[in-house]
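Below you'll find the structure, written out as structure tokens, and then a few comments.
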Amino acid sequence: MLTILRDLLRYNIEFRIGLVLVSIVLVMAALSLVAPYPPGDVYLVPPDLPPSSAHWLGTTSRGQDVFWQLTFAIRNTLSFGIMVALLSRVIALVVGLLAGYSGGWIDRVLMSINDTFIIIPLFPILILFYFVLRDTMSTPLLATIMACLGWAYDARLIRSVALSLKTREFTQTSIFSGMKTHEILAREHLPYVMPIVFSTTMNNMNWSIGIEVTLAVLGFTDINTPTIGGMIYWANQHTALVAGIWWWIAFPVGLVVMTFVGLFLLAVSMNEYIDPRSRLARMGGSR
Amino acid sequence: MSGAADQAPVLEVDGLQAHFRTRYFGVNREVRAVDGVSFTVRRNEIYGLAGESSSGKTTLVKTIAGLLKPPLEMVGGSARFSFLPEWDAVGRAPPEVVRGIRWRHLSYIMQGSMNVLNPLRRIRYSFRDFAWRHLGGSKSEFDARAEAHLERVKLDPSVLDAYPHELSGGMRQRVTIALATICKPEFIIADEPTTALDVIVQKDVLAMLRSIQREMGSSVLFITHDMGVHAALTDRLGIMYAGRLVEDGETAEIFAQPLHPYTRHLIASLPRIGDTEQREGLEGTPPNLAEPPPGCRFHPRCPLAMPICATTVPAMVATMPGHRVACHAVNPGMAA
């Protein structure tokens, strides 16, 4: 594992850039633990100050320090992304492995459900959930809803791998030795799909953070929990761009872009490590 | 050669029929891959099954082992093991019972067994996954037992911590054999376990399989199309053609005195030291088992074919003690 990381760092420029970007974001999130201001309070500092040595990224019209507010926002946004990714990975793994291995009517039923989730329009449903649950809507609840809607593509991907694993001799031997279905899936097939799961986790985090920011900017989430989208929402409410408080919008947007690009580069470079063909393509061997 | 063999049968196969049945778009297809096979395997002997590709060897042993997955179905007959007296075939027993006998009493070295080991798991975990449940005991006891057993197949215990790709083909083959024999099963099915190995490694592995079998006193059903391996290893030999057993008897006797015309050709096709001429092959190809020829399935290719061969299935009759053959030319007038 360590050698893999070392080689990726040494030979893969995407991995290096991705790692630096994600590290910056993680450090930001970690700094929230030592923040001098509570995240929910307003008018703690003079409003509308531009970036300076006292307030590195300026202050908002609500009297909050942008830098420290951003540490809370990115922590919440990241943990939201991780929550969605983990929950949806569990669903995708169970459905994908079970459908691919079992085949027959189990496969058909699971894949019908799967395809339903692929085609239903996501955004209107999330807005509907917000209007129905308005008062009880919280970050964990939204994460659960998103996870329930975001597993379908990856379940299909995992199923396709499971289909080929099913016919391998070691699966036959496992069946013959009396292993039960769940044991075969967990011990023999799971290690095979883990690299795919790692790679899709990053993409799924990107996807869920993107949706969360969109919903928050429009005000369709719990606006009292600071998130990246929530900060942009409040900046819009105070017409920050018109008033010339550009730092209130620019820094959250910049940070979330860093998160996206960093996670994307990590996913791409990991995929390259997993898939030898893309490594060949890099060496010019695929021509 | 079977002097050491106990006469009590461990496996009695009687009139076993296994067909591949498919129904697609209203078209029913039935491939009679195994059609009325009867033989017995005694305690402490190696019974060989020979025959060309697609003669139904693998289907036969899969049916015997109860590995029946659609479209393969066991249609008739029985395959009774002495350790499972209540059921007339493993495939007909309930899953809990089957789980109880597998590995402990009956183990299976698969065809292409180079790939039996999960490439992403260390050998130790393959051992634990496949065999621990059948042996019980603590983890350290089991590991000690696995190490001791690996030594028996002349492998270093450090192999347990290797991944399959770190081992050579011969070592992997030894590991799979160790895996199949660690629970000291009474019956081992070996489906072409050495086909992928070169002759020198093959000789080693076969000698090892033989010594383990002798040591544990188990019975082995050994399948390969390589007649040389049969001559070197098996005590008794059954020859399959197009889903039926055509001849069986002691290996030495079959090689010395083959009775069925197919067996004669099979043995005549083996090269001998000093040969200078090209060996003659038999005309034609094995029949399509979806529409097998009536009567004796070998008659379209048989040099001794008579009118009766095209209409009547010959019976498997003991022409000499312990040597059975199904042929009208050898046993006139014996219809099945």
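Lettering and numbering for the structure tokens are positional, with chains as A, B, ... in the shown order, residues counted from 1 in each chain, and ligands counted from 1 in the shown order.
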
Requested in this report: as a PyMOL selection string, list the residues of range 144-288 of chain B assigned to helix (DSSP H, G or I) by DSSP on the backbone atoms of this structure.
Outcome: chain B and resi 144-152+157-161+164-166+169-181+199-216+227-233+251-256+261-268

Go ahead and save the picked residues with C-alpha atoms, as a PDB file, in the first residue's frame.
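Output file again-v9.pdb is given in full below:
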```
ATOM      1  CA  ALA B 144      -0.832 -25.691  12.371  1.00  0.00           C
ATOM      2  CA  ARG B 145      -2.719 -28.447  10.656  1.00  0.00           C
ATOM      3  CA  ALA B 146      -2.559 -26.662   7.307  1.00  0.00           C
ATOM      4  CA  GLU B 147       1.193 -26.213   7.700  1.00  0.00           C
ATOM      5  CA  ALA B 148       1.682 -29.863   8.557  1.00  0.00           C
ATOM      6  CA  HIS B 149      -0.413 -30.879   5.612  1.00  0.00           C
ATOM      7  CA  LEU B 150       1.525 -28.630   3.236  1.00  0.00           C
ATOM      8  CA  GLU B 151       4.705 -30.327   4.367  1.00  0.00           C
ATOM      9  CA  ARG B 152       3.164 -33.608   3.350  1.00  0.00           C
ATOM     10  CA  PRO B 157       4.738 -23.553   5.329  1.00  0.00           C
ATOM     11  CA  SER B 158       5.625 -20.024   4.181  1.00  0.00           C
ATOM     12  CA  VAL B 159       3.497 -20.750   1.116  1.00  0.00           C
ATOM     13  CA  LEU B 160       0.499 -20.024   3.330  1.00  0.00           C
ATOM     14  CA  ASP B 161       1.391 -16.342   3.315  1.00  0.00           C
ATOM     15  CA  PRO B 164      -1.356 -17.513  -5.807  1.00  0.00           C
ATOM     16  CA  HIS B 165       0.517 -15.496  -8.457  1.00  0.00           C
ATOM     17  CA  GLU B 166       3.711 -15.813  -6.435  1.00  0.00           C
ATOM     18  CA  GLY B 169       2.055 -23.789 -11.650  1.00  0.00           C
ATOM     19  CA  GLY B 170       3.280 -26.969  -9.970  1.00  0.00           C
ATOM     20  CA  MET B 171       3.236 -25.370  -6.529  1.00  0.00           C
ATOM     21  CA  ARG B 172      -0.267 -24.060  -7.070  1.00  0.00           C
ATOM     22  CA  GLN B 173      -1.338 -27.519  -8.117  1.00  0.00           C
ATOM     23  CA  ARG B 174       0.129 -28.971  -4.934  1.00  0.00           C
ATOM     24  CA  VAL B 175      -1.680 -26.315  -2.927  1.00  0.00           C
ATOM     25  CA  THR B 176      -5.013 -27.225  -4.522  1.00  0.00           C
ATOM     26  CA  ILE B 177      -4.388 -30.879  -3.851  1.00  0.00           C
ATOM     27  CA  ALA B 178      -3.454 -30.076  -0.262  1.00  0.00           C
ATOM     28  CA  LEU B 179      -6.617 -28.007  -0.008  1.00  0.00           C
ATOM     29  CA  ALA B 180      -8.740 -30.873  -1.284  1.00  0.00           C
ATOM     30  CA  THR B 181      -7.166 -33.458   1.010  1.00  0.00           C
ATOM     31  CA  VAL B 199       5.224 -33.889 -17.881  1.00  0.00           C
ATOM     32  CA  ILE B 200       7.949 -33.620 -15.257  1.00  0.00           C
ATOM     33  CA  VAL B 201       5.872 -31.586 -12.814  1.00  0.00           C
ATOM     34  CA  GLN B 202       2.941 -33.799 -13.701  1.00  0.00           C
ATOM     35  CA  LYS B 203       4.868 -36.904 -12.692  1.00  0.00           C
ATOM     36  CA  ASP B 204       5.758 -35.341  -9.332  1.00  0.00           C
ATOM     37  CA  VAL B 205       2.228 -34.201  -8.632  1.00  0.00           C
ATOM     38  CA  LEU B 206       0.762 -37.571  -9.584  1.00  0.00           C
ATOM     39  CA  ALA B 207       3.211 -39.428  -7.376  1.00  0.00           C
ATOM     40  CA  MET B 208       2.295 -37.112  -4.536  1.00  0.00           C
ATOM     41  CA  LEU B 209      -1.432 -37.597  -5.091  1.00  0.00           C
ATOM     42  CA  ARG B 210      -0.845 -41.340  -5.095  1.00  0.00           C
ATOM     43  CA  SER B 211       1.102 -41.299  -1.832  1.00  0.00           C
ATOM     44  CA  ILE B 212      -1.461 -39.124  -0.098  1.00  0.00           C
ATOM     45  CA  GLN B 213      -4.242 -41.375  -1.300  1.00  0.00           C
ATOM     46  CA  ARG B 214      -2.406 -44.460  -0.032  1.00  0.00           C
ATOM     47  CA  GLU B 215      -1.682 -42.810   3.288  1.00  0.00           C
ATOM     48  CA  MET B 216      -5.284 -41.795   3.896  1.00  0.00           C
ATOM     49  CA  MET B 227      -3.982 -42.392 -21.396  1.00  0.00           C
ATOM     50  CA  GLY B 228      -0.365 -42.210 -20.243  1.00  0.00           C
ATOM     51  CA  VAL B 229      -1.487 -40.767 -16.919  1.00  0.00           C
ATOM     52  CA  HIS B 230      -4.097 -43.486 -16.561  1.00  0.00           C
ATOM     53  CA  ALA B 231      -1.509 -46.168 -17.200  1.00  0.00           C
ATOM     54  CA  ALA B 232       0.788 -44.699 -14.567  1.00  0.00           C
ATOM     55  CA  LEU B 233      -1.719 -43.900 -11.853  1.00  0.00           C
ATOM     56  CA  THR B 251      -6.108 -50.655 -15.966  1.00  0.00           C
ATOM     57  CA  ALA B 252      -3.341 -53.136 -16.723  1.00  0.00           C
ATOM     58  CA  GLU B 253      -5.807 -55.520 -18.288  1.00  0.00           C
ATOM     59  CA  ILE B 254      -7.444 -52.850 -20.424  1.00  0.00           C
ATOM     60  CA  PHE B 255      -4.075 -51.800 -21.752  1.00  0.00           C
ATOM     61  CA  ALA B 256      -3.018 -55.401 -22.335  1.00  0.00           C
ATOM     62  CA  PRO B 261     -13.210 -51.342 -30.691  1.00  0.00           C
ATOM     63  CA  TYR B 262     -13.114 -47.755 -29.402  1.00  0.00           C
ATOM     64  CA  THR B 263     -10.734 -48.666 -26.592  1.00  0.00           C
ATOM     65  CA  ARG B 264      -8.582 -50.588 -29.038  1.00  0.00           C
ATOM     66  CA  HIS B 265      -8.261 -47.523 -31.218  1.00  0.00           C
ATOM     67  CA  LEU B 266      -7.607 -45.319 -28.227  1.00  0.00           C
ATOM     68  CA  ILE B 267      -4.748 -47.528 -27.096  1.00  0.00           C
ATOM     69  CA  ALA B 268      -3.461 -48.099 -30.610  1.00  0.00           C
TER      70      ALA B 268
END
```

Report task. Return as a list in words the residues belonging to chain A that are within 9 Å of chain B, counting only C-alpha atoms. Result -> Arg168, Glu169, Phe170, Thr171, Gln172, Thr173, Ser174, Phe176, Ser177, Gly178, Met179, Glu183, Ile184, Arg187, Glu188, Pro191 and Tyr192 of chain A

Query raised in the report: Residues at most 9 Å from Trp56 in chain A, counting only C-alpha atoms, excluding those fewer than 6 positions away in the same chain, as number ranges by chain?
Result: A: 50, 65-67

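By only C-alpha atoms, and with residues fewer than 2 positions from Gly18 in chain A along its chain excluded, the set lying at most 12 Å from it is Leu8, Leu9, Asn12, Ile13, Glu14, Phe15, Arg16, Val20, Leu21, Val22, Ser23, Ile24, Val25, Met202, Val257, Met258, Thr259, Phe260, Val261, Gly262, Leu263, Phe264, Leu265, Leu266, Ala267, Val268, Ser269 and Met270 of chain A.
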
Query raised in the report: If we count only C-alpha atoms, what is near Val94 in chain A at a cut-off of 12 Å, once residues fewer than 3 positions away on the same chain are taken out, given as number ranges by chain?
Result: A: 87-91, 97-102, 107, 110, 114, 151-152, 154-156, 158-159, 162, 181-182, 185-186, 189-190, 193, 197

Query raised in the report: Any idea what's packed within 9 Å of Val313 in chain B, counting only C-alpha atoms, ignoring anything in its chain fewer than 2 positions away? Could you give it as a VMD selection string?
Result: chain B and resid 294 to 297 308 to 311 315 326 to 328 334 to 336

Report task. One decimal, Å: what's the distance from CA of Ser269 in chain B over to CA of Gly281 in chain B, could you say? Result -> 7.1 Å

Report task. Extract, using only C-alpha atoms, all DNA, RNA and protein residues at most 12 Å from range 76-82 of chain B, discarding same-chain residues fewer than 2 positions from it, and format them as JSON, numbers by chain. Result -> {"B": [8, 9, 10, 11, 12, 13, 14, 15, 16, 17, 18, 19, 32, 34, 35, 36, 37, 38, 39, 40, 41, 42, 43, 60, 61, 62, 63, 64, 65, 66, 73, 74, 84, 85, 86, 87, 88, 89, 90, 91, 92, 93, 98, 101, 102, 105, 106, 186, 187, 188, 219]}

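You can rank A:Leu128, A:Gly103, A:Ser199, A:Ser112 by their closest distance to Leu163 in chain A using only C-alpha atoms, and at the top of that list sits A:Gly103.
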
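Taking CA of Leu57 in chain A as the reference point, CA of Gly254 in chain A is found at 11.9 Å.
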
Report task. Among the residues of range 68-295 of chain B, find those DSSP assigns to strand (DSSP E) from the backbone and print them as a PyMOL selection string. Result -> chain B and resi 72-81+106-109+187-191+219-223+236-241+244-250

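Note that CA of Asp198 in chain B and CA of Ala162 in chain B are 22.7 Å apart.
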
Requested in this report: Rank nothing, just name the residue among A:Gln237, A:Ser52, A:Thr221, A:Ser61 nearest to Leu141 in chain A, using only C-alpha atoms.
Outcome: A:Thr221
